[in-house]
Structures are given as structure tokens and as C-alpha cells.
>>> print(open('data_38.cif').read())   # mmCIF, C-alpha atoms
data_protein
#
loop_
_atom_site.group_PDB
_atom_site.id
_atom_site.type_symbol
_atom_site.label_atom_id
_atom_site.label_comp_id
_atom_site.auth_asym_id
_atom_site.auth_seq_id
_atom_site.Cartn_x
_atom_site.Cartn_y
_atom_site.Cartn_z
ATOM 1 C CA MET V 30 60.331 102.654 138.279
ATOM 2 C CA LYS V 31 61.322 106.213 137.521
ATOM 3 C CA ASN V 32 62.004 107.173 133.984
ATOM 4 C CA TRP V 33 65.672 108.104 134.495
ATOM 5 C CA LYS V 34 66.367 104.740 136.063
ATOM 6 C CA LYS V 35 64.885 103.033 133.029
ATOM 7 C CA THR V 36 67.004 105.173 130.714
ATOM 8 C CA ILE V 37 70.215 104.292 132.564
ATOM 9 C CA LEU V 38 69.286 100.621 132.555
ATOM 10 C CA ILE V 39 68.702 100.705 128.806
ATOM 11 C CA ILE V 40 71.993 102.527 128.163
ATOM 12 C CA VAL V 41 73.900 100.000 130.291
ATOM 13 C CA LEU V 42 72.206 97.115 128.480
ATOM 14 C CA ILE V 43 73.031 98.581 125.075
ATOM 15 C CA GLY V 44 76.629 99.008 126.250
ATOM 16 C CA ILE V 45 76.872 95.379 127.354
ATOM 17 C CA ILE V 46 75.368 94.135 124.087
ATOM 18 C CA ALA V 47 77.732 96.311 122.020
ATOM 19 C CA ALA V 48 80.780 95.110 123.980
ATOM 20 C CA GLY V 49 79.593 91.538 123.566
ATOM 21 C CA ALA V 50 79.177 92.034 119.825
ATOM 22 C CA VAL V 51 82.715 93.413 119.489
ATOM 23 C CA ILE V 52 84.182 90.536 121.508
ATOM 24 C CA ALA V 53 82.184 88.011 119.484
ATOM 25 C CA TYR V 54 83.338 89.669 116.254
ATOM 26 C CA VAL V 55 87.007 89.467 117.188
ATOM 27 C CA TYR V 56 87.084 86.130 118.985
ATOM 28 C CA LEU V 57 84.377 84.038 117.358
ATOM 29 C CA LYS V 58 84.825 84.817 113.673
ATOM 30 C CA PRO V 59 85.578 81.457 112.071
ATOM 31 C CA HIS V 60 88.749 80.800 110.092
ATOM 32 C CA ARG V 61 88.388 80.550 106.352
ATOM 33 C CA ASP V 62 87.340 77.065 105.220
ATOM 34 C CA VAL V 63 88.633 76.287 101.739
ATOM 35 C CA THR V 64 86.353 73.230 101.426
ATOM 36 C CA LYS V 65 83.385 75.615 101.188
ATOM 37 C CA GLU V 66 84.948 77.625 98.343
ATOM 38 C CA LYS V 67 85.126 76.973 94.645
ATOM 39 C CA GLY V 68 88.785 76.978 93.673
ATOM 40 C CA ILE V 69 90.420 78.379 90.550
ATOM 41 C CA ALA V 70 91.428 75.206 88.692
ATOM 42 C CA LEU V 71 94.893 75.111 87.135
ATOM 43 C CA THR V 72 97.995 72.965 86.857
ATOM 44 C CA ALA V 73 101.094 73.334 89.019
ATOM 45 C CA GLN V 74 103.069 74.283 85.896
ATOM 46 C CA ALA V 75 100.544 76.973 84.855
ATOM 47 C CA LEU V 76 100.618 78.521 88.334
ATOM 48 C CA TYR V 77 104.417 78.682 88.356
ATOM 49 C CA ASP V 78 104.498 80.040 84.789
ATOM 50 C CA ALA V 79 102.140 82.853 85.805
ATOM 51 C CA PHE V 80 104.298 83.899 88.787
ATOM 52 C CA LYS V 81 107.537 83.554 86.836
ATOM 53 C CA ALA V 82 106.217 85.693 83.979
ATOM 54 C CA ASN V 83 104.855 88.507 86.131
ATOM 55 C CA GLU V 84 104.659 88.295 89.906
ATOM 56 C CA THR V 85 102.469 91.395 90.278
ATOM 57 C CA ASP V 86 99.893 90.168 87.762
ATOM 58 C CA ALA V 87 99.901 86.685 89.240
ATOM 59 C CA ASN V 88 99.398 88.122 92.727
ATOM 60 C CA THR V 89 96.354 90.018 91.461
ATOM 61 C CA LYS V 90 94.926 86.816 90.013
ATOM 62 C CA TYR V 91 95.862 84.224 92.631
ATOM 63 C CA LEU V 92 96.975 85.776 95.949
ATOM 64 C CA ASN V 93 94.632 84.860 98.813
ATOM 65 C CA LYS V 94 92.401 82.948 96.373
ATOM 66 C CA ALA V 95 91.274 79.338 96.671
ATOM 67 C CA ILE V 96 93.275 77.351 94.112
ATOM 68 C CA GLU V 97 92.410 73.868 92.891
ATOM 69 C CA LEU V 98 95.837 72.662 91.828
ATOM 70 C CA SER V 99 96.502 69.555 89.778
ATOM 71 C CA GLY V 100 99.913 68.077 89.162
ATOM 72 C CA GLU V 101 102.513 65.472 89.969
ATOM 73 C CA VAL V 102 103.818 64.921 93.499
ATOM 74 C CA LEU V 103 107.579 65.472 93.774
ATOM 75 C CA ASP V 104 107.871 64.648 97.464
ATOM 76 C CA ILE V 105 105.891 64.384 100.692
ATOM 77 C CA THR V 106 107.214 65.748 103.971
ATOM 78 C CA THR V 107 105.884 67.123 107.248
ATOM 79 C CA ASN V 108 106.456 70.651 108.458
ATOM 80 C CA GLN V 109 107.964 71.430 111.877
ATOM 81 C CA ASP V 110 104.500 71.346 113.441
ATOM 82 C CA GLY V 111 103.585 67.950 111.979
ATOM 83 C CA ASN V 112 101.324 68.991 109.069
ATOM 84 C CA THR V 113 101.675 67.142 105.769
ATOM 85 C CA VAL V 114 103.428 69.086 102.989
ATOM 86 C CA VAL V 115 103.367 68.052 99.349
ATOM 87 C CA ASN V 116 105.681 69.654 96.804
ATOM 88 C CA PHE V 117 104.334 69.644 93.237
ATOM 89 C CA LYS V 118 106.758 69.318 90.338
ATOM 90 C CA THR V 119 107.361 72.094 87.833
ATOM 91 C CA ASN V 120 109.659 72.055 84.810
ATOM 92 C CA ASP V 121 112.266 73.950 86.865
ATOM 93 C CA PRO V 122 114.149 71.500 89.136
ATOM 94 C CA LEU V 123 114.640 74.227 91.761
ATOM 95 C CA VAL V 124 111.038 75.419 91.892
ATOM 96 C CA VAL V 125 108.014 73.611 93.358
ATOM 97 C CA ILE V 126 104.498 74.452 94.417
ATOM 98 C CA ASN V 127 104.695 74.019 98.196
ATOM 99 C CA CYS V 128 101.332 72.833 99.532
ATOM 100 C CA THR V 129 100.495 72.395 103.208
ATOM 101 C CA PHE V 130 97.496 70.289 104.217
ATOM 102 C CA LYS V 131 95.285 71.259 107.148
ATOM 103 C CA THR V 132 93.910 67.719 107.289
ATOM 104 C CA ALA V 133 96.042 64.625 106.664
ATOM 105 C CA PRO V 134 95.591 63.463 103.044
ATOM 106 C CA GLY V 135 96.285 59.769 103.650
ATOM 107 C CA ALA V 136 98.956 57.783 101.861
ATOM 108 C CA LEU V 137 100.597 59.577 98.927
ATOM 109 C CA GLN V 138 103.608 58.585 96.838
ATOM 110 C CA PRO V 139 106.067 60.626 94.773
ATOM 111 C CA GLY V 140 104.824 60.507 91.191
ATOM 112 C CA ASP V 141 101.127 60.441 92.160
ATOM 113 C CA LYS V 142 98.882 62.767 90.162
ATOM 114 C CA ILE V 143 96.644 64.562 92.639
ATOM 115 C CA VAL V 144 94.318 67.555 92.960
ATOM 116 C CA PHE V 145 94.803 69.786 95.987
ATOM 117 C CA LYS V 146 92.702 72.755 97.067
ATOM 118 C CA GLY V 147 94.118 75.480 99.288
ATOM 119 C CA ILE V 148 94.736 79.208 99.669
ATOM 120 C CA CYS V 149 97.614 80.790 97.745
ATOM 121 C CA THR V 150 99.847 82.944 99.962
ATOM 122 C CA GLY V 151 102.255 84.031 97.207
ATOM 123 C CA TYR V 152 105.569 83.434 95.468
ATOM 124 C CA ILE V 153 109.155 83.196 96.655
ATOM 125 C CA PRO V 154 111.300 83.664 93.514
ATOM 126 C CA ASP V 155 113.629 80.788 92.578
ATOM 127 C CA ALA V 156 112.056 78.593 95.245
ATOM 128 C CA ASN V 157 108.308 78.092 95.410
ATOM 129 C CA VAL V 158 104.733 79.193 95.086
ATOM 130 C CA VAL V 159 103.070 78.575 98.450
ATOM 131 C CA ILE V 160 99.550 77.243 99.047
ATOM 132 C CA ASN V 161 98.375 76.360 102.551
ATOM 133 C CA GLU V 162 95.326 75.459 104.656
ATOM 134 C CA GLY V 163 94.584 72.884 101.972
ATOM 135 C CA VAL V 164 92.786 69.581 101.462
ATOM 136 C CA LEU V 165 93.067 66.677 99.044
ATOM 137 C CA VAL V 166 90.360 66.838 96.361
ATOM 138 C CA LYS V 167 91.360 63.640 94.583
ATOM 139 C CA MET X 27 150.586 78.720 64.874
ATOM 140 C CA MET X 28 147.590 80.939 65.339
ATOM 141 C CA ASN X 29 145.467 77.864 65.948
ATOM 142 C CA MET X 30 147.926 76.442 68.460
ATOM 143 C CA LYS X 31 147.801 79.654 70.479
ATOM 144 C CA LYS X 32 144.033 79.642 70.372
ATOM 145 C CA ILE X 33 143.897 76.058 71.578
ATOM 146 C CA LEU X 34 146.327 76.775 74.411
ATOM 147 C CA LEU X 35 144.327 79.842 75.382
ATOM 148 C CA LEU X 36 141.124 77.809 75.382
ATOM 149 C CA LEU X 37 142.749 75.067 77.432
ATOM 150 C CA GLY X 38 143.944 77.706 79.859
ATOM 151 C CA PHE X 39 140.417 79.024 80.264
ATOM 152 C CA VAL X 40 139.038 75.536 80.770
ATOM 153 C CA VAL X 41 141.626 74.809 83.481
ATOM 154 C CA LEU X 42 140.953 78.172 85.163
ATOM 155 C CA GLY X 43 137.271 77.414 84.992
ATOM 156 C CA PHE X 44 137.749 74.133 86.818
ATOM 157 C CA ILE X 45 139.874 75.750 89.531
ATOM 158 C CA GLY X 46 137.293 78.511 89.889
ATOM 159 C CA ASN X 47 134.547 75.962 90.314
ATOM 160 C CA GLU X 48 136.512 74.103 92.950
ATOM 161 C CA LEU X 49 137.167 77.280 94.928
ATOM 162 C CA SER X 50 133.552 78.400 94.832
ATOM 163 C CA ALA X 51 132.129 74.941 95.586
ATOM 164 C CA GLN X 52 130.166 75.348 98.780
ATOM 165 C CA LYS X 53 127.672 73.402 100.757
ATOM 166 C CA ILE X 54 124.187 74.875 100.814
ATOM 167 C CA PHE X 55 121.486 73.724 103.228
ATOM 168 C CA ALA X 56 117.899 74.658 102.479
ATOM 169 C CA THR X 57 114.336 74.387 103.704
ATOM 170 C CA ARG X 58 110.960 75.422 102.273
ATOM 171 C CA ASN X 59 109.159 74.811 105.552
ATOM 172 C CA GLY X 60 111.120 76.578 108.261
ATOM 173 C CA LYS X 61 109.222 78.197 111.109
ATOM 174 C CA ILE X 62 109.045 81.831 112.202
ATOM 175 C CA ALA X 63 106.647 82.960 114.927
ATOM 176 C CA PHE X 64 106.053 86.334 116.535
ATOM 177 C CA ALA X 65 104.210 87.574 119.604
ATOM 178 C CA ALA X 66 103.290 90.930 121.069
ATOM 179 C CA PRO X 67 104.814 91.151 124.571
ATOM 180 C CA SER X 68 101.778 93.056 125.895
ATOM 181 C CA ASP X 69 98.986 90.755 124.693
ATOM 182 C CA ASP X 70 99.007 86.967 124.874
ATOM 183 C CA ASP X 71 96.418 86.602 122.098
ATOM 184 C CA VAL X 72 98.495 88.502 119.565
ATOM 185 C CA LYS X 73 100.757 85.807 118.213
ATOM 186 C CA ALA X 74 101.130 84.029 114.903
ATOM 187 C CA VAL X 75 103.202 81.369 113.245
ATOM 188 C CA ASN X 76 104.430 80.832 109.683
ATOM 189 C CA ASN X 77 105.484 77.297 108.694
ATOM 190 C CA GLU X 78 106.405 78.054 105.084
ATOM 191 C CA VAL X 79 109.691 79.904 105.527
ATOM 192 C CA THR X 80 112.107 79.350 102.663
ATOM 193 C CA SER X 81 115.648 79.629 103.959
ATOM 194 C CA ARG X 82 119.118 78.809 102.717
ATOM 195 C CA ILE X 83 122.360 78.757 104.632
ATOM 196 C CA ALA X 84 125.724 78.225 102.967
ATOM 197 C CA ASP X 85 128.923 77.189 104.676
ATOM 198 C CA ASN X 86 130.466 80.470 103.512
ATOM 199 C CA GLY X 87 128.085 82.252 105.902
ATOM 200 C CA GLN X 88 125.447 83.538 103.488
ATOM 201 C CA ILE X 89 121.981 83.153 104.962
ATOM 202 C CA THR X 90 118.588 84.084 103.520
ATOM 203 C CA PHE X 91 115.016 83.888 104.786
ATOM 204 C CA SER X 92 111.874 84.559 102.751
ATOM 205 C CA LEU X 93 108.306 84.252 103.909
ATOM 206 C CA LEU X 94 104.858 85.238 102.763
ATOM 207 C CA ILE X 95 102.953 87.542 105.098
ATOM 208 C CA LYS X 96 99.641 85.826 104.310
ATOM 209 C CA GLY X 97 101.182 82.600 105.622
ATOM 210 C CA PHE X 98 101.061 83.843 109.249
ATOM 211 C CA LYS X 99 98.362 81.932 111.102
ATOM 212 C CA PHE X 100 96.698 83.513 114.146
ATOM 213 C CA LYS X 101 94.433 81.816 116.657
ATOM 214 C CA TYR X 102 91.718 84.370 115.889
ATOM 215 C CA ALA X 103 90.617 84.895 112.279
ATOM 216 C CA GLU X 104 89.673 88.546 112.805
ATOM 217 C CA MET X 105 93.168 89.362 114.120
ATOM 218 C CA GLN X 106 94.672 87.587 111.097
ATOM 219 C CA ASP X 107 92.543 89.687 108.716
ATOM 220 C CA HIS X 108 93.356 92.895 110.567
ATOM 221 C CA PHE X 109 97.075 92.082 110.538
ATOM 222 C CA ASN X 110 96.998 91.463 106.772
ATOM 223 C CA ASP X 111 94.671 94.295 105.713
ATOM 224 C CA GLN X 112 95.440 97.132 108.139
ATOM 225 C CA TYR X 113 98.938 96.601 109.498
ATOM 226 C CA LEU X 114 101.179 94.698 107.064
ATOM 227 C CA GLU X 115 99.135 95.461 103.903
ATOM 228 C CA SER X 116 100.005 92.009 102.637
ATOM 229 C CA THR X 117 98.249 92.354 99.288
ATOM 230 C CA LYS X 118 100.534 95.280 98.419
ATOM 231 C CA TYR X 119 103.611 93.797 100.156
ATOM 232 C CA PRO X 120 103.143 89.994 100.081
ATOM 233 C CA ARG X 121 106.658 88.937 101.070
ATOM 234 C CA ALA X 122 109.316 89.607 103.700
ATOM 235 C CA ASP X 123 112.961 88.874 102.855
ATOM 236 C CA PHE X 124 116.175 88.757 104.827
ATOM 237 C CA LYS X 125 119.605 88.489 103.216
ATOM 238 C CA GLY X 126 122.607 88.415 105.475
ATOM 239 C CA MET X 127 125.863 86.917 106.648
ATOM 240 C CA VAL X 128 126.889 84.942 109.688
ATOM 241 C CA GLN X 129 129.520 87.224 111.230
ATOM 242 C CA ASN X 130 131.622 84.827 113.302
ATOM 243 C CA LEU X 131 131.677 81.964 110.825
ATOM 244 C CA THR X 132 135.108 80.673 111.823
ATOM 245 C CA GLY X 133 133.520 79.293 115.007
ATOM 246 C CA VAL X 134 131.067 77.113 113.066
ATOM 247 C CA ASN X 135 132.049 73.689 111.788
ATOM 248 C CA PHE X 136 129.272 72.552 109.462
ATOM 249 C CA SER X 137 130.592 69.005 109.333
ATOM 250 C CA LYS X 138 130.818 68.485 113.106
ATOM 251 C CA ASP X 139 127.757 68.063 115.330
ATOM 252 C CA GLY X 140 127.500 70.711 118.017
ATOM 253 C CA THR X 141 125.873 73.985 118.974
ATOM 254 C CA TYR X 142 127.494 77.196 117.839
ATOM 255 C CA LYS X 143 126.594 80.733 118.931
ATOM 256 C CA VAL X 144 126.448 83.131 116.012
ATOM 257 C CA THR X 145 125.650 86.730 115.141
ATOM 258 C CA VAL X 146 123.802 87.372 111.902
ATOM 259 C CA LYS X 147 123.757 90.739 110.162
ATOM 260 C CA GLY X 148 121.866 91.723 107.073
ATOM 261 C CA ASP X 149 118.992 93.534 105.387
ATOM 262 C CA LEU X 150 115.407 92.814 106.362
ATOM 263 C CA THR X 151 112.782 93.978 103.872
ATOM 264 C CA MET X 152 109.109 94.040 104.776
ATOM 265 C CA HIS X 153 106.155 96.363 104.280
ATOM 266 C CA GLY X 154 108.203 98.111 101.583
ATOM 267 C CA VAL X 155 110.965 99.129 104.007
ATOM 268 C CA THR X 156 114.524 97.739 104.063
ATOM 269 C CA LYS X 157 116.484 97.997 107.288
ATOM 270 C CA ASN X 158 119.841 96.657 108.414
ATOM 271 C CA VAL X 159 119.333 94.348 111.382
ATOM 272 C CA SER X 160 121.559 92.226 113.583
ATOM 273 C CA ALA X 161 120.635 89.357 115.881
ATOM 274 C CA ASN X 162 122.274 86.711 118.035
ATOM 275 C CA GLY X 163 121.291 83.107 117.534
ATOM 276 C CA THR X 164 122.592 79.582 117.387
ATOM 277 C CA ILE X 165 123.400 77.134 114.643
ATOM 278 C CA GLU X 166 123.100 73.571 115.852
ATOM 279 C CA ILE X 167 124.533 70.833 113.651
ATOM 280 C CA LYS X 168 122.656 67.597 114.270
ATOM 281 C CA GLY X 169 123.413 64.528 112.197
ATOM 282 C CA GLY X 170 125.186 66.767 109.689
ATOM 283 C CA LYS X 171 122.146 69.044 109.205
ATOM 284 C CA PRO X 172 121.926 72.562 110.614
ATOM 285 C CA VAL X 173 119.112 73.975 112.752
ATOM 286 C CA ALA X 174 119.106 77.778 113.043
ATOM 287 C CA THR X 175 117.385 79.434 115.994
ATOM 288 C CA CYS X 176 117.228 83.094 116.887
ATOM 289 C CA GLN X 177 115.094 85.546 118.876
ATOM 290 C CA PHE X 178 114.967 89.252 118.195
ATOM 291 C CA THR X 179 112.656 92.249 118.507
ATOM 292 C CA ILE X 180 111.128 94.249 115.672
ATOM 293 C CA LEU X 181 109.903 97.785 116.321
ATOM 294 C CA MET X 182 106.763 98.515 114.304
ATOM 295 C CA LYS X 183 107.857 102.059 113.512
ATOM 296 C CA ASP X 184 111.091 100.822 111.900
ATOM 297 C CA PHE X 185 108.979 99.259 109.155
ATOM 298 C CA LYS X 186 106.320 101.979 109.013
ATOM 299 C CA VAL X 187 103.700 99.626 110.448
ATOM 300 C CA ASP X 188 101.057 101.511 112.400
ATOM 301 C CA ALA X 189 99.728 98.985 114.901
ATOM 302 C CA SER X 190 99.891 101.416 117.845
ATOM 303 C CA SER X 191 96.471 100.345 119.146
ATOM 304 C CA VAL X 192 97.825 96.807 119.624
ATOM 305 C CA THR X 193 101.587 96.933 120.123
ATOM 306 C CA ASP X 194 104.689 98.945 119.263
ATOM 307 C CA LYS X 195 106.942 95.884 118.968
ATOM 308 C CA VAL X 196 106.904 92.132 118.482
ATOM 309 C CA MET X 197 109.286 89.403 119.584
ATOM 310 C CA VAL X 198 110.305 87.207 116.663
ATOM 311 C CA ASP X 199 111.257 83.558 117.099
ATOM 312 C CA VAL X 200 113.104 81.820 114.254
ATOM 313 C CA ASN X 201 113.476 78.029 114.129
ATOM 314 C CA CYS X 202 114.557 76.537 110.804
ATOM 315 C CA GLN X 203 115.553 72.902 110.345
ATOM 316 C CA TYR X 204 117.544 72.485 107.128
ATOM 317 C CA GLN X 205 117.943 69.514 104.838
#
>>> encode(input="data_38.cif", output="C-alpha cells")
Amino acid sequence: MKNWKKTILIIVLIGIIAAGAVIAYVYLKPHRDVTKEKGIALTAQALYDAFKANETDANTKYLNKAIELSGEVLDITTNQDGNTVVNFKTNDPLVVINCTFKTAPGALQPGDKIVFKGICTGYIPDANVVINEGVLVK
Amino acid sequence: MMNMKKILLLLGFVVLGFIGNELSAQKIFATRNGKIAFAAPSDDDVKAVNNEVTSRIADNGQITFSLLIKGFKFKYAEMQDHFNDQYLESTKYPRADFKGMVQNLTGVNFSKDGTYKVTVKGDLTMHGVTKNVSANGTIEIKGGKPVATCQFTILMKDFKVDASSVTDKVMVDVNCQYQ
């Protein structure tokens, strides 16, 4: 085989591998799995207090972080796509910590004290702190 | 005499207060888990859904939507990261808010089941930019509870989002079931 043919073959191969790597990077990167992360442990009340006191500071501390939240269940519902949602009580009757499960947590009752681990997506003033992609810890 | 006047004045205020309360009494429907999805018309893979939309609609026509940008779930994790880090800068601007009014409220009877066509106008704030927007949608009353649906288009440049390598606009699909 002539040298220039070899060179072209190598360039084409490198091109194919590079394209494959880009496609793999975009399409095969796994979604974040909160069960493999250590969460920041705090109570539902403490999380709400932090956001109420200073949203910017609380975002720095908790936004996009794994949170291991403990507290009392106010109610259990399902979202419009069928995932289980648990609202945790705070001392403000209008404000809850809104937690969406990625795997069904089994039977829960209002008043249960549970620990939930998920990813904090932020705060909607006068309504809720939102945590999603979560699982029941205990 | 002085005291009598004071008492009458106080009573007057109390009565006025009651009337005021009656006049402003309104029915508010709310959800913390409404649904808003978007899709790029040019690329089937570029679509995401948010199931944690907080929304309130009052029978005086006030309507609000708030959602957290990091709550948008994509099929592909890398697209989700890119959307958050490069395009919407969701750490700097975590939330999108809409505050508006149903324009043709007289056509909507919140206590009678049915489907009503509405136009909603208001201010949409996201990525640090506030813009007046208007969209046509429907309010369906089912078993006394409203469901709001609406489709509209957002131009990326209107909100200073530079996603030109992917799309210059997205179609937004709102579907909120209220309690």
C-alpha cells in the first residue's frame, strides 16, 4: 500500500472515531443518579428558613445539590406524568418543600416522618422549595 | 361624647372592612405540579418537560406561572447540562415567572363545566429579561376544577439566549391542572 493511501485511511479513521466520541458524549452520558451522592442533611424547616432569609445565599448553598431532607409529610399526590410527589410541612401554611420521586416510595401517609434524598432545583417565593429526581431514604 | 364618636367611627371602619372583604373575596385555584414542556421545531431530540410548575389562577382573571429552570428534564443528560450552563445560565437565573391577566374573562364561568377559549397577556421574566407576551389558550372547567392549556412560541433572541447552534425558537406547551 502506498504511503498516501495509508495517511488518508488513518485520517478517515481518526475522523470516524472523533465523530463517534462526540455522539457518545452527547447521547450516552448518563443522567445524574442521586442515590450515588452524599446529600446535605437538613430538615424541611431549615431548608425553607434558608431560602426565606436570603434566596441568593441559599441558592449558592443548595441549588443543584443533593439534599437529604427530613421532615413531616403534609400530603402525597402524583404529578401529571404519574410520579409520586410528597409535600413536606413547614411552619408557614402556604409554603411546602415539594419533592418528586423518580422511583415510587411505597405507601406513605400524611404525618409520616420520612427522609428523602433528591436534587434541589430552587425556590418559588410564597409557594415552595422544589426537590426532584429523588428517592426515599427512610 | 368624644368616646361615642370614636366608637361610631370604629364601628364604621369595621363595617367597611367587612364589605371590603366581601367584595374582594375571590376563588383561587392553584397547583405546585403543573406541566410545561418545550421543543425545538428543527430537532426532535431537543425537548424537555418541567412537572413542578407553580401556578395560580383567580376568578378575577389574574394568572401566574413560576418554574425552576433546573427542573426541565431532557432525554439526554448532556443536552440538559448544556441548556442549564450555556444557554439559560440557570445558576445565575434559576427561575422563570409569568404574571398576567386573562383578557376575555367574561366568557369564562368558573363554576360551570365547559371549555372556554381565552387570551392571556402579561410579563414573562426569564434569563434576566422581562418581556410582555400574549398567547391564546383554553381554560377547561372539569368537575369544578380548571385545566389551563396553551401553546406559544418563544424567540431565543427576545430573552438574550444564544442557542443559535441549536435553534432560534422553541414551541412551549402549557398544561396545568388546578386543585
>>> interface_residues(input="data_38.cif", of="chain X", to="chain V", cutoff="8 Å", atoms="only C-alpha atoms", output="number ranges by chain")
X: 58-61, 77-78, 80, 92-97, 102-105, 117, 120-121, 203
>>> atom_distance(input="data_38.cif", atom1="CA of Leu114 (chain X)", atom2="CA of Ser81 (chain X)")
21.1 Å
>>> resolve_selection(input="data_38.cif", expression="the PyMOL selection byres ((chain X and resi 55) around 10)", output="number ranges by chain")
X: 52-54, 56-57, 81-85, 89, 171-173, 203-205
>>> atom_distance(input="data_38.cif", atom1="CA of Lys65 (chain V)", atom2="CA of Gly163 (chain V)")
11.6 Å
>>> resolve_selection(input="data_38.cif", expression="the PyMOL selection byres ((chain V and resi 145) around 7)", output="VMD selection string")
chain V and resid 97 to 99 143 to 144 146 to 147 163 to 166
>>> write_last_selection(input="data_38.cif", atoms="C-alpha atoms", output="CSV table (one decimal), in the frame of the given file")
chain,number,residue,atom,x,y,z
V,97,GLU,CA,92.4,73.9,92.9
V,98,LEU,CA,95.8,72.7,91.8
V,99,SER,CA,96.5,69.6,89.8
V,143,ILE,CA,96.6,64.6,92.6
V,144,VAL,CA,94.3,67.6,93.0
V,146,LYS,CA,92.7,72.8,97.1
V,147,GLY,CA,94.1,75.5,99.3
V,163,GLY,CA,94.6,72.9,102.0
V,164,VAL,CA,92.8,69.6,101.5
V,165,LEU,CA,93.1,66.7,99.0
V,166,VAL,CA,90.4,66.8,96.4
>>> atom_distance(input="data_38.cif", atom1="CA of Phe124 (chain X)", atom2="CA of Met152 (chain X)")
8.8 Å
>>> resolve_selection(input="data_38.cif", expression="the PyMOL selection byres ((chain V and resi 67) around 10)", output="VMD selection string")
chain V and resid 63 to 66 68 to 70 94 to 97 146
>>> closest_residue(input="data_38.cif", among="X:Ile167, X:Ala122, X:Val159, X:Leu150", to="Asn135 (chain X)", atoms="only C-alpha atoms")
X:Ile167
>>> residues_around(input="data_38.cif", residues="Ile180 (chain X)", least_positions_apart="6", cutoff="9 Å", atoms="all atoms listed in the file", output="PDB file with C-alpha atoms, in the coordinates of the input")
ATOM      1  CA  ASP X 194     104.689  98.945 119.263  1.00  0.00           C
ATOM      2  CA  LYS X 195     106.942  95.884 118.968  1.00  0.00           C
ATOM      3  CA  VAL X 196     106.904  92.132 118.482  1.00  0.00           C
ATOM      4  CA  MET X 197     109.286  89.403 119.584  1.00  0.00           C
ATOM      5  CA  VAL X 198     110.305  87.207 116.663  1.00  0.00           C
TER       6      VAL X 198
END
>>> residues_near_point(input="data_38.cif", point="(96.9, 85.3, 124.7)", cutoff="12 Å", atoms="only C-alpha atoms", output="PyMOL selection string")
(chain V and resi 56) or (chain X and resi 65-74+100-102+105)
>>> residues_around(input="data_38.cif", residues="Thr175 (chain X)", least_positions_apart="5", cutoff="6 Å", atoms="only C-alpha atoms", output="number ranges by chain")
X: 163-164, 200-201
>>> residues_near_point(input="data_38.cif", point="(93.8, 64.3, 106.2)", cutoff="9 Å", atoms="only C-alpha atoms", output="PyMOL selection string")
chain V and resi 113+130-135+164-165
>>> closest_residue(input="data_38.cif", among="V:Ile37, V:Leu103, V:Thr119, V:Gly111", to="Tyr77 (chain V)", atoms="only C-alpha atoms")
V:Thr119
>>> axis_aligned_box(input="data_38.cif", around="region 159-162 of chain V", padding_each_side="5 Å", output="JSON")
{"center_x": 99.2, "center_y": 77.0, "center_z": 101.6, "size_x": 17.7, "size_y": 13.1, "size_z": 16.2}
>>> closest_residue(input="data_38.cif", among="X:Ala174, X:Val79, X:Cys202, X:Val155", to="Thr141 (chain X)", atoms="only C-alpha atoms")
X:Ala174
>>> decode(input="data_38.cif", residues="region 184-196 of chain X", atoms="N, CA, C and O atoms", output="PDB file, in the first residue's frame")
ATOM      1  N   ASP X 184     -35.316  37.174  22.016  1.00  0.00           N
ATOM      2  CA  ASP X 184     -36.140  38.032  22.876  1.00  0.00           C
ATOM      3  C   ASP X 184     -35.690  37.962  24.333  1.00  0.00           C
ATOM      4  O   ASP X 184     -35.933  38.886  25.110  1.00  0.00           O
ATOM      5  N   PHE X 185     -35.070  36.846  24.709  1.00  0.00           N
ATOM      6  CA  PHE X 185     -34.638  36.684  26.095  1.00  0.00           C
ATOM      7  C   PHE X 185     -33.119  36.574  26.204  1.00  0.00           C
ATOM      8  O   PHE X 185     -32.594  36.049  27.178  1.00  0.00           O
ATOM      9  N   LYS X 186     -32.458  37.100  25.167  1.00  0.00           N
ATOM     10  CA  LYS X 186     -30.986  37.152  25.132  1.00  0.00           C
ATOM     11  C   LYS X 186     -30.360  35.778  25.394  1.00  0.00           C
ATOM     12  O   LYS X 186     -29.348  35.659  26.093  1.00  0.00           O
ATOM     13  N   VAL X 187     -30.997  34.746  24.842  1.00  0.00           N
ATOM     14  CA  VAL X 187     -30.453  33.392  24.946  1.00  0.00           C
ATOM     15  C   VAL X 187     -29.761  33.075  23.625  1.00  0.00           C
ATOM     16  O   VAL X 187     -30.394  33.127  22.564  1.00  0.00           O
ATOM     17  N   ASP X 188     -28.464  32.794  23.679  1.00  0.00           N
ATOM     18  CA  ASP X 188     -27.741  32.492  22.459  1.00  0.00           C
ATOM     19  C   ASP X 188     -27.623  30.983  22.291  1.00  0.00           C
ATOM     20  O   ASP X 188     -26.697  30.351  22.784  1.00  0.00           O
ATOM     21  N   ALA X 189     -28.607  30.402  21.606  1.00  0.00           N
ATOM     22  CA  ALA X 189     -28.593  28.966  21.344  1.00  0.00           C
ATOM     23  C   ALA X 189     -28.595  28.757  19.836  1.00  0.00           C
ATOM     24  O   ALA X 189     -29.143  27.783  19.318  1.00  0.00           O
ATOM     25  N   SER X 190     -27.980  29.706  19.098  1.00  0.00           N
ATOM     26  CA  SER X 190     -28.092  29.732  17.634  1.00  0.00           C
ATOM     27  C   SER X 190     -27.595  28.443  16.985  1.00  0.00           C
ATOM     28  O   SER X 190     -28.062  28.082  15.899  1.00  0.00           O
ATOM     29  N   SER X 191     -26.685  27.721  17.648  1.00  0.00           N
ATOM     30  CA  SER X 191     -26.191  26.481  17.039  1.00  0.00           C
ATOM     31  C   SER X 191     -27.235  25.370  17.121  1.00  0.00           C
ATOM     32  O   SER X 191     -27.122  24.356  16.440  1.00  0.00           O
ATOM     33  N   VAL X 192     -28.266  25.559  17.959  1.00  0.00           N
ATOM     34  CA  VAL X 192     -29.300  24.536  18.097  1.00  0.00           C
ATOM     35  C   VAL X 192     -30.620  24.999  17.489  1.00  0.00           C
ATOM     36  O   VAL X 192     -31.194  24.351  16.629  1.00  0.00           O
ATOM     37  N   THR X 193     -31.103  26.157  17.944  1.00  0.00           N
ATOM     38  CA  THR X 193     -32.400  26.637  17.469  1.00  0.00           C
ATOM     39  C   THR X 193     -32.543  28.130  17.761  1.00  0.00           C
ATOM     40  O   THR X 193     -31.887  28.652  18.668  1.00  0.00           O
ATOM     41  N   ASP X 194     -33.394  28.809  16.987  1.00  0.00           N
ATOM     42  CA  ASP X 194     -33.639  30.220  17.269  1.00  0.00           C
ATOM     43  C   ASP X 194     -34.993  30.420  17.948  1.00  0.00           C
ATOM     44  O   ASP X 194     -35.352  31.523  18.331  1.00  0.00           O
ATOM     45  N   LYS X 195     -35.754  29.325  18.097  1.00  0.00           N
ATOM     46  CA  LYS X 195     -37.046  29.428  18.787  1.00  0.00           C
ATOM     47  C   LYS X 195     -37.462  28.084  19.356  1.00  0.00           C
ATOM     48  O   LYS X 195     -36.974  27.038  18.913  1.00  0.00           O
ATOM     49  N   VAL X 196     -38.339  28.116  20.341  1.00  0.00           N
ATOM     50  CA  VAL X 196     -38.921  26.872  20.852  1.00  0.00           C
ATOM     51  C   VAL X 196     -40.441  27.034  20.944  1.00  0.00           C
ATOM     52  O   VAL X 196     -40.954  28.129  21.130  1.00  0.00           O
TER      53      VAL X 196
END
